[in-house]
Amino acid sequence: MLTDPAYLTEILINGLLAGGVYALIAVTMTVVFGVLKLFNFAHGAFVTVGLYCAVLATSLGYDPYLAIVPAALVMSAMLWLLYVLLIDRIISRPTLTQVIFTIGLLTAADALIEMIWRTDPRVAPSITSGALFIGDILVSKPRLVAFLAAALIGFGFWAFLKWSWWGLAIRAVAQHGQAAQLIAIPRRATLALAFVLSGVATIVAGILMAPAITVTPSASYVYLGIAFGAVVIGTKGNVLGAMLGGIIVGLTEALTIALVGDEWKDAFVFALVLVFLLVRPEGLFGRPANV
Amino acid sequence: MKPKFVLAATGWLLAASAAMTVTSRAEDTIRIANVDSLSGAISALGTDVYRGLHLAVDQINANGGVKSLGGAKIELVDYDNQSKVELAQSMTEKAIADGAVAIIGNSSSAAALASTTVAERARIPIVISGGSAEQIVQRGYRYTFKINPNPNSIDKDTEASLENFFSGDVVLKKLIHVHEDGAWGQDVNHIYETVAPAMKIGLEEVPYKFGTSDMSGLISRLRRTDGQALVFTGYLPDAITFSNAYGQAGLRFPYMHVGISLTDGNYTKAVSAQARDNFFGYQYFNPDIVVKGNEKGPRAFADAYKAKFGVDPGFISANAWTSMMVLHKALETAASTEPQKIRDALAANTFGPADGHIMPYPEVKFDATGLNVNANLMTIQQQDGKIVVVWPLEYATGKARVIAN
């Protein structure tokens, strides 16, 4: 079947579309790691929050995409509070403390979501639901929209970091926090901004994905694993690397499904991550450590 | 004899006979314990079981109670395990300490495994109303009785039913089995591996990762495979994901089977009626079937349930109701509240239409392991928005529609 050009094209498109959204989730995770030096295990919960924002919109009779702006506004405030009250206190703590803390945060978020929404599977159909056919090639419309929007947001994020004052501030703090403070960059505000922007972008990624999948609270762990894998492949702290890492994960999944079987896709993705950790732990764009 | 002594002895005799009388009066009720998830993660299942059990108890008591025990009423006492396995054990212990002569309930298999271990040690009969795992009846326990069929069951006459469905213009040459990659999916695939050669048809196995949120890769493959029958074995969220992806891709197999999900409320909310029209599925209970010998029984049960609880009963409630009726018959037969005699009656009895049986199989009968050997599923099909029972033929309310692509 893989010799059928239409089938191969369809598989690669599937992988690219999935990978595009993974890329956005990985970019936001890598920014948090690169700037705050925080292993944020609660990152997966942000995706789930986004998914359930879409479900909430649907339950109120709206198209799930309409949840993007209100969710961004409300969650910005909540994420800022989260940073000020909790995250700010742990970013200078040892890694193990950060890991335990953010796992606790992930568990608490999932429990809260389960309390509100229970474990019943939900869907968030939108005006984009359905597929389009290019000849014999099937393309999922919600996935295409998610990919395009994620690409736009990802590019916007990159442009913000590269050209805006606050983006420069974030990069400066990521490179050397104390030096940045010496030149009057407000470190705490910069870190808070990085955390909030990353969190909001991840929540928006969740909203974008919702029309294409079935939503359950267990989504947190799935996307957490994917994001970590993409970040490791693409180099921790490297935005472009995270984008490429996400695409690579998406394509690996799609080709595994086609060549080996759906039940092997996680195994192959994580085997790839292990290979990187063993052979090139610095990722695609990192420099090998001096031995 | 001294008068004081006589007085004391008389007083003692009177007190003793009063105590015996009180004891006799206490046996006007028979304590049965429902140990189940009345709160917590699976309280929805526990509630369904609770309702089926209490409806049965109300009906039994209104009908004169346990006649062989002088009309003693059944007292069903609920013990909440909060959907926690560790509490299933302690609640069962408490129920036994409180004097329950039998245990019932246990909508989750994990809780059932814990409860049955306690009951076995205490030699108290336990009827599992909800849990279905095979393991429940595979440990050599003598006091455990399970009403539900094993979870990897498909209908017992798969070959016959498929031959019946494909007896028209569409010829079945290949069956595609899309299944979750765990024990359940593999167990069901083993069954099809036996059925397919016997029917001289091809079988394509397509396992998928349980819990996957993206079925686009599977759909791409299915779009390019030939076959007339597609069977999906997977849990509810996966069934929703697959059915929506199947519909969006415009796939149309003449026979598309989604298992037990077809009538689940969450499934019908998430997959449009149009998308699932002509889908086949399984059902354990349907109020419109005709049970020979108790023709009005299923509908009477459903109507009584709705009158009491305001909602239609699902199969979990129907199974629970059946389990309490089975236990009632055992009490009648045993004519005793001794747990050993109740256990022996459960093992020896059958429960059929003459007793009020409402399920789509001849009768409840437990084998030596405690499994209800006759428990079976019905195959249903959604036709023009309505659920029609299409197999077994003796319970069918319509004919299967297998339409060419």
# chains A, B, ... in the order shown; residues from 1 in each chain; ligands from 1

call {"tool": "select_by_dssp", "arguments": {"residues": "region 27-172 of chain A", "states": "strand (DSSP E)", "output": "number ranges by chain"}}
result
A: 131-134, 137-140

call {"tool": "write_last_selection", "arguments": {"atoms": "all heavy atoms", "output": "CSV table (one decimal), in the first residue's frame"}}
result
chain,number,residue,atom,x,y,z
A,131,ALA,N,-14.0,16.5,6.2
A,131,ALA,CA,-12.7,16.3,5.5
A,131,ALA,C,-12.9,16.9,4.1
A,131,ALA,O,-13.9,17.1,3.6
A,131,ALA,CB,-12.5,14.8,5.4
A,132,LEU,N,-11.7,17.3,3.6
A,132,LEU,CA,-11.7,17.7,2.1
A,132,LEU,C,-10.8,16.7,1.4
A,132,LEU,O,-9.9,16.1,1.9
A,132,LEU,CB,-11.3,19.1,2.0
A,132,LEU,CG,-9.9,19.6,2.4
A,132,LEU,CD1,-8.9,19.5,1.2
A,132,LEU,CD2,-10.0,21.0,2.9
A,133,PHE,N,-11.2,16.5,0.1
A,133,PHE,CA,-10.5,15.5,-0.7
A,133,PHE,C,-9.7,16.3,-1.8
A,133,PHE,O,-10.3,17.1,-2.5
A,133,PHE,CB,-11.5,14.5,-1.3
A,133,PHE,CG,-12.0,13.6,-0.3
A,133,PHE,CD1,-13.2,13.9,0.4
A,133,PHE,CD2,-11.4,12.3,-0.1
A,133,PHE,CE1,-13.7,13.0,1.4
A,133,PHE,CE2,-12.0,11.5,0.8
A,133,PHE,CZ,-13.1,11.8,1.6
A,134,ILE,N,-8.4,16.0,-1.9
A,134,ILE,CA,-7.7,16.5,-3.0
A,134,ILE,C,-7.3,15.2,-3.9
A,134,ILE,O,-6.4,14.5,-3.6
A,134,ILE,CB,-6.4,17.1,-2.5
A,134,ILE,CG1,-6.7,18.2,-1.5
A,134,ILE,CG2,-5.6,17.8,-3.7
A,134,ILE,CD1,-5.5,18.7,-0.7
A,137,ILE,N,-6.7,12.0,-2.0
A,137,ILE,CA,-6.1,12.3,-0.7
A,137,ILE,C,-7.0,12.9,0.2
A,137,ILE,O,-7.6,14.0,-0.1
A,137,ILE,CB,-4.8,13.2,-0.9
A,137,ILE,CG1,-3.8,12.5,-1.8
A,137,ILE,CG2,-4.2,13.5,0.4
A,137,ILE,CD1,-2.7,13.4,-2.4
A,138,LEU,N,-7.2,12.3,1.4
A,138,LEU,CA,-8.1,12.9,2.4
A,138,LEU,C,-7.4,13.8,3.4
A,138,LEU,O,-6.3,13.4,3.9
A,138,LEU,CB,-8.8,11.7,3.1
A,138,LEU,CG,-9.8,12.1,4.2
A,138,LEU,CD1,-10.9,11.0,4.3
A,138,LEU,CD2,-9.1,12.1,5.6
A,139,VAL,N,-7.9,14.9,3.6
A,139,VAL,CA,-7.3,15.9,4.6
A,139,VAL,C,-8.4,16.3,5.6
A,139,VAL,O,-9.4,16.7,5.2
A,139,VAL,CB,-6.7,17.1,3.9
A,139,VAL,CG1,-6.1,18.1,4.9
A,139,VAL,CG2,-5.7,16.7,2.8
A,140,SER,N,-8.1,16.1,6.9
A,140,SER,CA,-9.0,16.5,7.9
A,140,SER,C,-9.1,18.0,8.0
A,140,SER,O,-8.0,18.6,8.2
A,140,SER,CB,-8.6,15.8,9.2
A,140,SER,OG,-9.2,16.5,10.3

call {"tool": "residues_around", "arguments": {"residues": "region 168-184 of chain B", "least_positions_apart": "3", "cutoff": "9 Å", "atoms": "only C-alpha atoms", "output": "number ranges by chain"}}
result
A: 263; B: 151-152, 162-165, 187-189, 192, 196, 200-211, 218, 222, 225-235, 238, 254, 402-404

call {"tool": "closest_residue", "arguments": {"among": "B:Ile30, B:Ala160, B:Ala270, B:Ala44", "to": "chain A", "atoms": "only C-alpha atoms"}}
result
B:Ala270

call {"tool": "atom_distance", "arguments": {"atom1": "CA of Trp321 (chain B)", "atom2": "CA of Gly185 (chain B)"}}
result
29.0 Å

call {"tool": "interface_residues", "arguments": {"of": "chain A", "to": "chain B", "cutoff": "6 Å", "atoms": "only C-alpha atoms", "output": "PyMOL selection string"}}
result
chain A and resi 121+123+130-131+213-214+262-263

call {"tool": "residues_around", "arguments": {"residues": "Thr92 (chain B)", "least_positions_apart": "2", "cutoff": "10 Å", "atoms": "only C-alpha atoms", "output": "VMD selection string"}}
result
chain B and resid 33 to 36 79 to 81 87 to 90 94 to 98 100 103 to 104 114 to 119 126

call {"tool": "residues_around", "arguments": {"residues": "region 381-394 of chain B", "least_positions_apart": "4", "cutoff": "8 Å", "atoms": "only C-alpha atoms", "output": "PyMOL selection string"}}
result
chain B and resi 161+273-274+276-281+289+398-401

call {"tool": "residues_around", "arguments": {"residues": "Leu36 (chain A)", "least_positions_apart": "4", "cutoff": "8 Å", "atoms": "only C-alpha atoms", "output": "PyMOL selection string"}}
result
chain A and resi 31-32+91+174+191+195

call {"tool": "closest_residue", "arguments": {"among": "A:Arg171, A:Lys37, A:Lys162, A:Arg287", "to": "Arg93 (chain A)", "atoms": "only C-alpha atoms"}}
result
A:Lys37

call {"tool": "select_by_dssp", "arguments": {"residues": "region 130-236 of chain A", "states": "alpha helix (DSSP H)", "output": "number ranges by chain"}}
result
A: 141-163, 165-175, 177-182, 187-209, 219-234

call {"tool": "closest_atom_pairs", "arguments": {"of": "region 111-224 of chain A", "to": "region 64-75 of chain A", "cutoff": "8 Å", "atoms": "only C-alpha atoms", "output": "Markdown table"}}
result
| residue | atom | partner | partner_atom | distance |
| --- | --- | --- | --- | --- |
| A:Ala124 | CA | A:Pro64 | CA | 6.3 |
| A:Pro125 | CA | A:Pro64 | CA | 7.3 |
| A:Ser126 | CA | A:Pro64 | CA | 6.2 |
| A:Val200 | CA | A:Ala72 | CA | 5.7 |
| A:Ile203 | CA | A:Ala72 | CA | 7.7 |
| A:Val204 | CA | A:Ile68 | CA | 6.1 |
| A:Ile207 | CA | A:Tyr65 | CA | 6.7 |
| A:Leu208 | CA | A:Tyr65 | CA | 6.9 |
| A:Ala210 | CA | A:Pro64 | CA | 7.7 |
| A:Pro211 | CA | A:Pro64 | CA | 7.4 |

call {"tool": "write_last_selection", "arguments": {"atoms": "all heavy atoms", "output": "compact mmCIF listing (two decimals), in the first residue's frame"}}
result
# COMPACT_ATOMS: atom_id res chain seq x y z
N ALA A 124 -16.13 18.33 20.46
CA ALA A 124 -16.35 19.77 20.25
C ALA A 124 -16.42 20.02 18.74
O ALA A 124 -15.48 20.56 18.15
CB ALA A 124 -15.22 20.57 20.89
N PRO A 125 -17.51 19.64 18.12
CA PRO A 125 -17.60 19.82 16.66
C PRO A 125 -17.63 21.30 16.30
O PRO A 125 -18.15 22.13 17.06
CB PRO A 125 -18.93 19.14 16.29
CG PRO A 125 -19.70 19.07 17.56
CD PRO A 125 -18.73 19.05 18.69
N SER A 126 -17.08 21.62 15.14
CA SER A 126 -17.04 23.03 14.73
C SER A 126 -17.47 23.14 13.28
O SER A 126 -17.77 22.13 12.62
CB SER A 126 -15.64 23.58 14.91
OG SER A 126 -14.85 23.25 13.79
N VAL A 200 -0.66 30.41 27.72
CA VAL A 200 -1.81 30.79 26.89
C VAL A 200 -1.71 30.14 25.51
O VAL A 200 -2.70 29.63 24.98
CB VAL A 200 -1.91 32.33 26.78
CG1 VAL A 200 -2.89 32.74 25.70
CG2 VAL A 200 -2.34 32.93 28.11
N ILE A 203 -2.70 26.58 25.79
CA ILE A 203 -4.15 26.44 25.96
C ILE A 203 -4.85 26.64 24.60
O ILE A 203 -5.77 25.91 24.24
CB ILE A 203 -4.66 27.45 27.01
CG1 ILE A 203 -4.21 26.98 28.41
CG2 ILE A 203 -6.17 27.59 26.96
CD1 ILE A 203 -4.36 28.01 29.49
N VAL A 204 -4.37 27.61 23.83
CA VAL A 204 -4.95 27.84 22.50
C VAL A 204 -4.71 26.62 21.60
O VAL A 204 -5.59 26.23 20.83
CB VAL A 204 -4.36 29.12 21.87
CG1 VAL A 204 -4.75 29.24 20.40
CG2 VAL A 204 -4.85 30.35 22.63
N ILE A 207 -7.40 24.25 22.34
CA ILE A 207 -8.67 24.63 21.73
C ILE A 207 -8.68 24.27 20.25
O ILE A 207 -9.67 23.76 19.71
CB ILE A 207 -8.93 26.14 21.92
CG1 ILE A 207 -9.10 26.47 23.40
CG2 ILE A 207 -10.17 26.58 21.13
CD1 ILE A 207 -9.19 27.96 23.70
N LEU A 208 -7.54 24.51 19.59
CA LEU A 208 -7.45 24.22 18.14
C LEU A 208 -7.59 22.72 17.86
O LEU A 208 -8.13 22.33 16.83
CB LEU A 208 -6.11 24.72 17.60
CG LEU A 208 -5.94 26.24 17.55
CD1 LEU A 208 -4.49 26.60 17.23
CD2 LEU A 208 -6.88 26.86 16.51
N ALA A 210 -9.22 20.49 19.70
CA ALA A 210 -10.46 19.87 20.20
C ALA A 210 -11.42 19.40 19.10
O ALA A 210 -11.99 18.31 19.21
CB ALA A 210 -11.16 20.82 21.17
N PRO A 211 -11.67 20.18 18.04
CA PRO A 211 -12.63 19.69 17.03
C PRO A 211 -12.18 18.43 16.30
O PRO A 211 -13.00 17.78 15.65
CB PRO A 211 -12.72 20.87 16.04
CG PRO A 211 -12.30 22.06 16.81
CD PRO A 211 -11.26 21.56 17.74

call {"tool": "atom_distance", "arguments": {"atom1": "CA of Gly314 (chain B)", "atom2": "CA of Pro298 (chain B)"}}
result
11.7 Å

call {"tool": "atom_distance", "arguments": {"atom1": "CA of Phe285 (chain A)", "atom2": "CA of Gly234 (chain A)"}}
result
6.5 Å

call {"tool": "residues_around", "arguments": {"residues": "Leu79 (chain A)", "least_positions_apart": "3", "cutoff": "12 Å", "atoms": "only C-alpha atoms", "output": "NGL selection string"}}
result
:A and (42-43 or 46 or 49 or 71-76 or 82-88 or 191-203)

call {"tool": "residues_around", "arguments": {"residues": "Trp117 (chain A)", "least_positions_apart": "4", "cutoff": "9 Å", "atoms": "only C-alpha atoms", "output": "ChimeraX atom specification"}}
result
/A:52,112-113,216-217

call {"tool": "write_last_selection", "arguments": {"atoms": "C-alpha atoms", "output": "compact mmCIF listing (two decimals), in the first residue's frame"}}
result
# COMPACT_ATOMS: atom_id res chain seq x y z
CA TYR A 52 -12.15 21.68 27.90
CA LEU A 112 -10.25 19.39 39.16
CA ILE A 113 -11.12 18.81 35.52
CA THR A 216 -10.98 13.08 27.97
CA PRO A 217 -9.02 14.18 31.07
